[in-house]
Amino acid sequence: MAQIKVLDKTFETYLSAEKIQNRITEIANEINKDYAGKKPVFLAILNGSFMFASDLFKQITIEAEITFVKLASYEGTTTTGKVKQAIGLNTDLKDRHVIIIEDIVDTGHTMAQFLPELEKSNPASIKLAVFLHKPEATLVPITIDYCCFSIPNKFVLGYGLDYDQLGRNLPELYQLCE
Ligand code: 5GP
């Protein structure tokens, strides 16, 4: 198994680029079927989802749009102490079918905060497509409509996901070595 070093940590290959692409094809086919004639808007959450969003969107064959937002954390008064605010959301989502594209659902806090925020735009529907899900890390249960891979509760890197901003360029997914 190939190992790489990023800063002070060693990672080993967990999912090959081929395995990732094959699974994305399956998910894209599902979406193409489910959303035919609905002209969905994909809403990709930056930065981590950029690679997944790009590969998924290339395989969407129905009429569809894509837009991007960044979630900025600022100190607030929720249970987690942080509030996520969407920056750059300038597409009118009223009465639109929205498919959120997220890199990973870990504790679920990010999506738990963002979903009610998004509902304020009155979309016709909201579904969630995620590249990775760590079920063992769940603190807030989130309904994931399209999930590429469920993974163990270990830190991962590559395919858009970073360690201290590095490693996003890797075309395969790596897991932190014990
Ligand atoms: P949650 O709010 O669900 O706990 O966390 C979601 C965010 O945490 C993701 O969008 C991602 O930025 C970050 N994250 C969670 N687990 C990992 C991981 O294993 N690797 C990396 N690189 N980021 C992670």
# chains A, B, ... in the order shown; residues from 1 in each chain; ligands from 1
call {"tool": "residues_around", "arguments": {"residues": "stretch 108-123 of chain A", "least_positions_apart": "3", "cutoff": "12 Å", "atoms": "only C-alpha atoms", "output": "PyMOL selection string"}}
result
chain A and resi 40-41+43+45+69-73+76+78-87+89-105+126-130+132-144
call {"tool": "write_last_selection", "arguments": {"atoms": "C-alpha atoms", "output": "CSV table (one decimal), in the first residue's frame"}}
result
chain,number,residue,atom,x,y,z
A,40,PRO,CA,-31.7,21.0,-10.3
A,41,VAL,CA,-29.2,23.4,-9.0
A,43,LEU,CA,-24.7,23.8,-4.6
A,45,ILE,CA,-19.6,23.7,-0.5
A,69,VAL,CA,-20.6,28.7,-1.6
A,70,LYS,CA,-18.1,28.9,1.2
A,71,LEU,CA,-19.2,28.4,4.8
A,72,ALA,CA,-17.4,30.8,7.1
A,73,SER,CA,-17.4,30.0,10.8
A,76,GLY,CA,-21.9,32.4,18.0
A,78,THR,CA,-25.1,27.7,19.4
A,79,THR,CA,-24.2,24.5,21.3
A,80,THR,CA,-21.0,24.1,19.2
A,81,GLY,CA,-20.1,27.8,19.8
A,82,LYS,CA,-19.7,28.3,16.1
A,83,VAL,CA,-22.2,29.5,13.5
A,84,LYS,CA,-21.7,28.8,9.8
A,85,GLN,CA,-22.7,31.5,7.4
A,86,ALA,CA,-22.9,30.9,3.6
A,87,ILE,CA,-20.8,33.4,1.6
A,89,LEU,CA,-24.8,32.5,-2.4
A,90,ASN,CA,-26.1,34.7,-5.1
A,91,THR,CA,-28.3,32.3,-7.1
A,92,ASP,CA,-32.1,32.6,-6.5
A,93,LEU,CA,-33.0,29.2,-5.1
A,94,LYS,CA,-36.7,29.9,-4.6
A,95,ASP,CA,-38.8,27.0,-6.0
A,96,ARG,CA,-35.6,25.3,-7.3
A,97,HIS,CA,-34.5,21.7,-6.6
A,98,VAL,CA,-31.2,22.0,-4.8
A,99,ILE,CA,-28.6,19.2,-4.4
A,100,ILE,CA,-25.9,20.2,-1.9
A,101,ILE,CA,-22.5,18.8,-2.7
A,102,GLU,CA,-20.3,18.3,0.4
A,103,ASP,CA,-16.9,16.6,0.8
A,104,ILE,CA,-17.6,14.8,4.1
A,105,VAL,CA,-20.2,14.6,6.9
A,126,ILE,CA,-33.1,20.0,-0.8
A,127,LYS,CA,-31.1,16.8,-1.1
A,128,LEU,CA,-27.5,16.1,0.1
A,129,ALA,CA,-24.8,14.4,-2.0
A,130,VAL,CA,-21.7,13.7,0.0
A,132,LEU,CA,-17.7,10.6,2.4
A,133,HIS,CA,-19.6,9.8,5.6
A,134,LYS,CA,-18.2,8.8,8.9
A,135,PRO,CA,-21.2,7.1,10.6
A,136,GLU,CA,-19.2,6.4,13.8
A,137,ALA,CA,-18.5,10.2,14.3
A,138,THR,CA,-22.1,11.2,14.2
A,139,LEU,CA,-23.2,13.7,16.9
A,140,VAL,CA,-26.1,15.2,14.9
A,141,PRO,CA,-27.9,12.7,12.6
A,142,ILE,CA,-28.1,14.0,9.0
A,143,THR,CA,-30.1,12.5,6.2
A,144,ILE,CA,-27.7,11.8,3.3
call {"tool": "residues_around", "arguments": {"residues": "stretch 168-175 of chain A", "least_positions_apart": "3", "cutoff": "10 Å", "atoms": "only C-alpha atoms", "output": "ChimeraX atom specification"}}
result
/A:2-4,10-21,47-51,151-165,178
call {"tool": "write_last_selection", "arguments": {"atoms": "N, CA, C and O atoms", "output": "CSV table (one decimal), in the first residue's frame"}}
result
chain,number,residue,atom,x,y,z
A,2,ALA,N,0.6,2.2,-0.9
A,2,ALA,CA,1.4,3.4,-1.0
A,2,ALA,C,1.3,4.3,0.2
A,2,ALA,O,0.1,4.5,0.6
A,3,GLN,N,2.4,4.8,0.7
A,3,GLN,CA,2.4,5.7,1.8
A,3,GLN,C,2.9,7.1,1.3
A,3,GLN,O,3.8,7.1,0.5
A,4,ILE,N,2.3,8.2,1.9
A,4,ILE,CA,2.9,9.5,1.6
A,4,ILE,C,3.0,10.2,2.9
A,4,ILE,O,2.3,9.9,3.9
A,10,THR,N,1.9,10.7,8.4
A,10,THR,CA,2.0,9.7,7.3
A,10,THR,C,0.6,9.1,7.0
A,10,THR,O,-0.2,8.8,7.9
A,11,PHE,N,0.3,9.0,5.7
A,11,PHE,CA,-1.0,8.5,5.2
A,11,PHE,C,-0.8,7.4,4.3
A,11,PHE,O,0.3,7.3,3.6
A,12,GLU,N,-1.8,6.5,4.2
A,12,GLU,CA,-1.7,5.4,3.3
A,12,GLU,C,-2.9,5.4,2.4
A,12,GLU,O,-4.0,5.9,2.8
A,13,THR,N,-2.8,4.8,1.2
A,13,THR,CA,-3.9,4.8,0.2
A,13,THR,C,-5.1,4.1,0.8
A,13,THR,O,-5.0,3.1,1.4
A,14,TYR,N,-6.3,4.7,0.6
A,14,TYR,CA,-7.5,4.1,1.2
A,14,TYR,C,-8.5,3.8,0.0
A,14,TYR,O,-9.0,2.7,0.0
A,15,LEU,N,-8.6,4.7,-0.9
A,15,LEU,CA,-9.5,4.5,-2.1
A,15,LEU,C,-8.7,5.0,-3.3
A,15,LEU,O,-8.2,6.1,-3.4
A,16,SER,N,-8.6,4.1,-4.3
A,16,SER,CA,-7.9,4.4,-5.6
A,16,SER,C,-8.8,5.4,-6.4
A,16,SER,O,-10.0,5.5,-6.2
A,17,ALA,N,-8.1,6.1,-7.3
A,17,ALA,CA,-8.8,7.1,-8.1
A,17,ALA,C,-9.8,6.4,-9.0
A,17,ALA,O,-10.9,6.9,-9.2
A,18,GLU,N,-9.5,5.2,-9.4
A,18,GLU,CA,-10.5,4.4,-10.2
A,18,GLU,C,-11.7,4.0,-9.4
A,18,GLU,O,-12.9,4.2,-9.9
A,19,LYS,N,-11.5,3.6,-8.2
A,19,LYS,CA,-12.7,3.2,-7.4
A,19,LYS,C,-13.6,4.5,-7.1
A,19,LYS,O,-14.8,4.4,-7.2
A,20,ILE,N,-12.9,5.6,-6.9
A,20,ILE,CA,-13.7,6.9,-6.7
A,20,ILE,C,-14.5,7.2,-7.9
A,20,ILE,O,-15.7,7.5,-7.8
A,21,GLN,N,-13.9,7.2,-9.1
A,21,GLN,CA,-14.6,7.5,-10.3
A,21,GLN,C,-15.7,6.6,-10.6
A,21,GLN,O,-16.8,7.0,-11.0
A,47,ASN,N,-14.1,24.6,0.7
A,47,ASN,CA,-13.2,24.3,-0.4
A,47,ASN,C,-13.3,22.8,-0.7
A,47,ASN,O,-13.0,22.4,-1.9
A,48,GLY,N,-13.5,22.0,0.3
A,48,GLY,CA,-13.3,20.5,0.2
A,48,GLY,C,-14.0,19.8,-0.9
A,48,GLY,O,-13.5,18.7,-1.3
A,49,SER,N,-15.1,20.3,-1.4
A,49,SER,CA,-15.9,19.5,-2.3
A,49,SER,C,-15.5,19.8,-3.8
A,49,SER,O,-16.2,19.3,-4.7
A,50,PHE,N,-14.5,20.7,-4.1
A,50,PHE,CA,-14.4,21.1,-5.4
A,50,PHE,C,-14.1,20.0,-6.4
A,50,PHE,O,-14.6,20.0,-7.6
A,51,MET,N,-13.3,19.0,-6.0
A,51,MET,CA,-12.9,17.9,-6.9
A,51,MET,C,-14.1,17.0,-7.1
A,51,MET,O,-14.4,16.6,-8.3
A,151,ILE,N,-17.0,5.6,5.6
A,151,ILE,CA,-15.7,5.3,6.0
A,151,ILE,C,-15.5,5.2,7.5
A,151,ILE,O,-16.4,5.8,8.3
A,152,PRO,N,-14.5,4.6,8.1
A,152,PRO,CA,-14.3,4.5,9.5
A,152,PRO,C,-13.9,5.9,10.0
A,152,PRO,O,-13.6,6.8,9.3
A,153,ASN,N,-14.0,6.1,11.3
A,153,ASN,CA,-13.7,7.4,12.0
A,153,ASN,C,-12.2,7.7,12.1
A,153,ASN,O,-11.7,7.7,13.2
A,154,LYS,N,-11.6,7.8,10.9
A,154,LYS,CA,-10.1,8.2,10.9
A,154,LYS,C,-10.0,9.3,9.9
A,154,LYS,O,-10.7,9.5,9.0
A,155,PHE,N,-9.0,10.2,10.2
A,155,PHE,CA,-8.7,11.3,9.4
A,155,PHE,C,-8.3,11.0,8.0
A,155,PHE,O,-7.5,10.1,7.8
A,156,VAL,N,-8.9,11.6,7.0
A,156,VAL,CA,-8.6,11.3,5.6
A,156,VAL,C,-8.1,12.5,4.9
A,156,VAL,O,-8.4,13.7,5.3
A,157,LEU,N,-7.4,12.3,3.8
A,157,LEU,CA,-6.8,13.4,3.0
A,157,LEU,C,-6.8,13.0,1.5
A,157,LEU,O,-6.7,11.9,1.2
A,158,GLY,N,-6.8,14.0,0.7
A,158,GLY,CA,-6.8,13.8,-0.8
A,158,GLY,C,-8.1,14.0,-1.4
A,158,GLY,O,-9.1,14.2,-0.7
A,159,TYR,N,-8.2,14.1,-2.7
A,159,TYR,CA,-9.4,14.2,-3.5
A,159,TYR,C,-10.2,15.5,-3.0
A,159,TYR,O,-11.4,15.4,-2.7
A,160,GLY,N,-9.5,16.6,-2.8
A,160,GLY,CA,-10.1,17.8,-2.3
A,160,GLY,C,-10.0,18.1,-0.8
A,160,GLY,O,-10.1,19.2,-0.4
A,161,LEU,N,-9.8,17.0,-0.1
A,161,LEU,CA,-9.7,17.2,1.4
A,161,LEU,C,-8.2,17.4,1.8
A,161,LEU,O,-7.3,16.8,1.3
A,162,ASP,N,-8.1,18.3,2.8
A,162,ASP,CA,-6.7,18.8,3.1
A,162,ASP,C,-6.3,18.3,4.5
A,162,ASP,O,-7.1,18.0,5.4
A,163,TYR,N,-5.0,18.4,4.7
A,163,TYR,CA,-4.4,18.5,6.0
A,163,TYR,C,-3.6,19.8,6.1
A,163,TYR,O,-2.6,19.9,5.4
A,164,ASP,N,-4.1,20.7,6.9
A,164,ASP,CA,-3.4,22.0,7.0
A,164,ASP,C,-3.2,22.6,5.6
A,164,ASP,O,-2.2,23.1,5.2
A,165,GLN,N,-4.3,22.5,4.8
A,165,GLN,CA,-4.4,23.1,3.4
A,165,GLN,C,-3.6,22.3,2.4
A,165,GLN,O,-3.6,22.6,1.2
A,178,GLU,N,-1.9,4.9,11.8
A,178,GLU,CA,-1.9,4.9,13.3
A,178,GLU,C,-0.5,5.2,13.8
A,178,GLU,O,0.5,4.7,13.3
call {"tool": "residues_around", "arguments": {"residues": "A:Arg23", "least_positions_apart": "4", "cutoff": "10 Å", "atoms": "only C-alpha atoms", "output": "PyMOL selection string"}}
result
chain A and resi 18-19+27-29+56+131+147-149
call {"tool": "write_last_selection", "arguments": {"atoms": "N, CA and C atoms", "output": "tab-separated table (two decimals), in the first residue's frame"}}
result
chain	number	residue	atom	x	y	z
A	18	GLU	N	-9.53	5.16	-9.39
A	18	GLU	CA	-10.47	4.40	-10.22
A	18	GLU	C	-11.74	4.04	-9.44
A	19	LYS	N	-11.53	3.60	-8.19
A	19	LYS	CA	-12.68	3.24	-7.35
A	19	LYS	C	-13.57	4.48	-7.12
A	27	ILE	N	-23.44	7.25	-8.69
A	27	ILE	CA	-24.22	8.32	-8.05
A	27	ILE	C	-24.80	9.26	-9.11
A	28	ALA	N	-23.99	9.61	-10.10
A	28	ALA	CA	-24.45	10.53	-11.16
A	28	ALA	C	-25.62	9.90	-11.92
A	29	ASN	N	-25.52	8.60	-12.18
A	29	ASN	CA	-26.62	7.92	-12.88
A	29	ASN	C	-27.92	7.99	-12.08
A	56	LEU	N	-18.42	14.87	-10.40
A	56	LEU	CA	-19.84	14.49	-10.40
A	56	LEU	C	-20.58	15.26	-11.50
A	131	PHE	N	-19.43	13.03	-0.61
A	131	PHE	CA	-18.38	12.11	-1.05
A	131	PHE	C	-18.14	11.07	0.06
A	147	CYS	N	-24.65	9.07	-1.08
A	147	CYS	CA	-23.37	8.96	-0.36
A	147	CYS	C	-22.43	8.07	-1.17
A	148	CYS	N	-21.25	8.58	-1.49
A	148	CYS	CA	-20.30	7.75	-2.26
A	148	CYS	C	-19.72	6.64	-1.40
A	149	PHE	N	-19.15	7.02	-0.24
A	149	PHE	CA	-18.51	6.01	0.60
A	149	PHE	C	-18.73	6.30	2.08
call {"tool": "atom_distance", "arguments": {"atom1": "atom 2 (O, counted along the ligand's line) of ligand 1", "atom2": "atom CA of A:Thr25"}}
result
25.9 Å
call {"tool": "closest_residue", "arguments": {"among": "A:Ile24, A:Ala53, A:Leu46, A:Met1", "to": "ligand 1", "atoms": "only C-alpha atoms and all ligand atoms"}}
result
A:Leu46
call {"tool": "select_by_dssp", "arguments": {"residues": "stretch 43-93 of chain A", "states": "helix (DSSP H, G or I)", "output": "PyMOL selection string"}}
result
chain A and resi 50-58
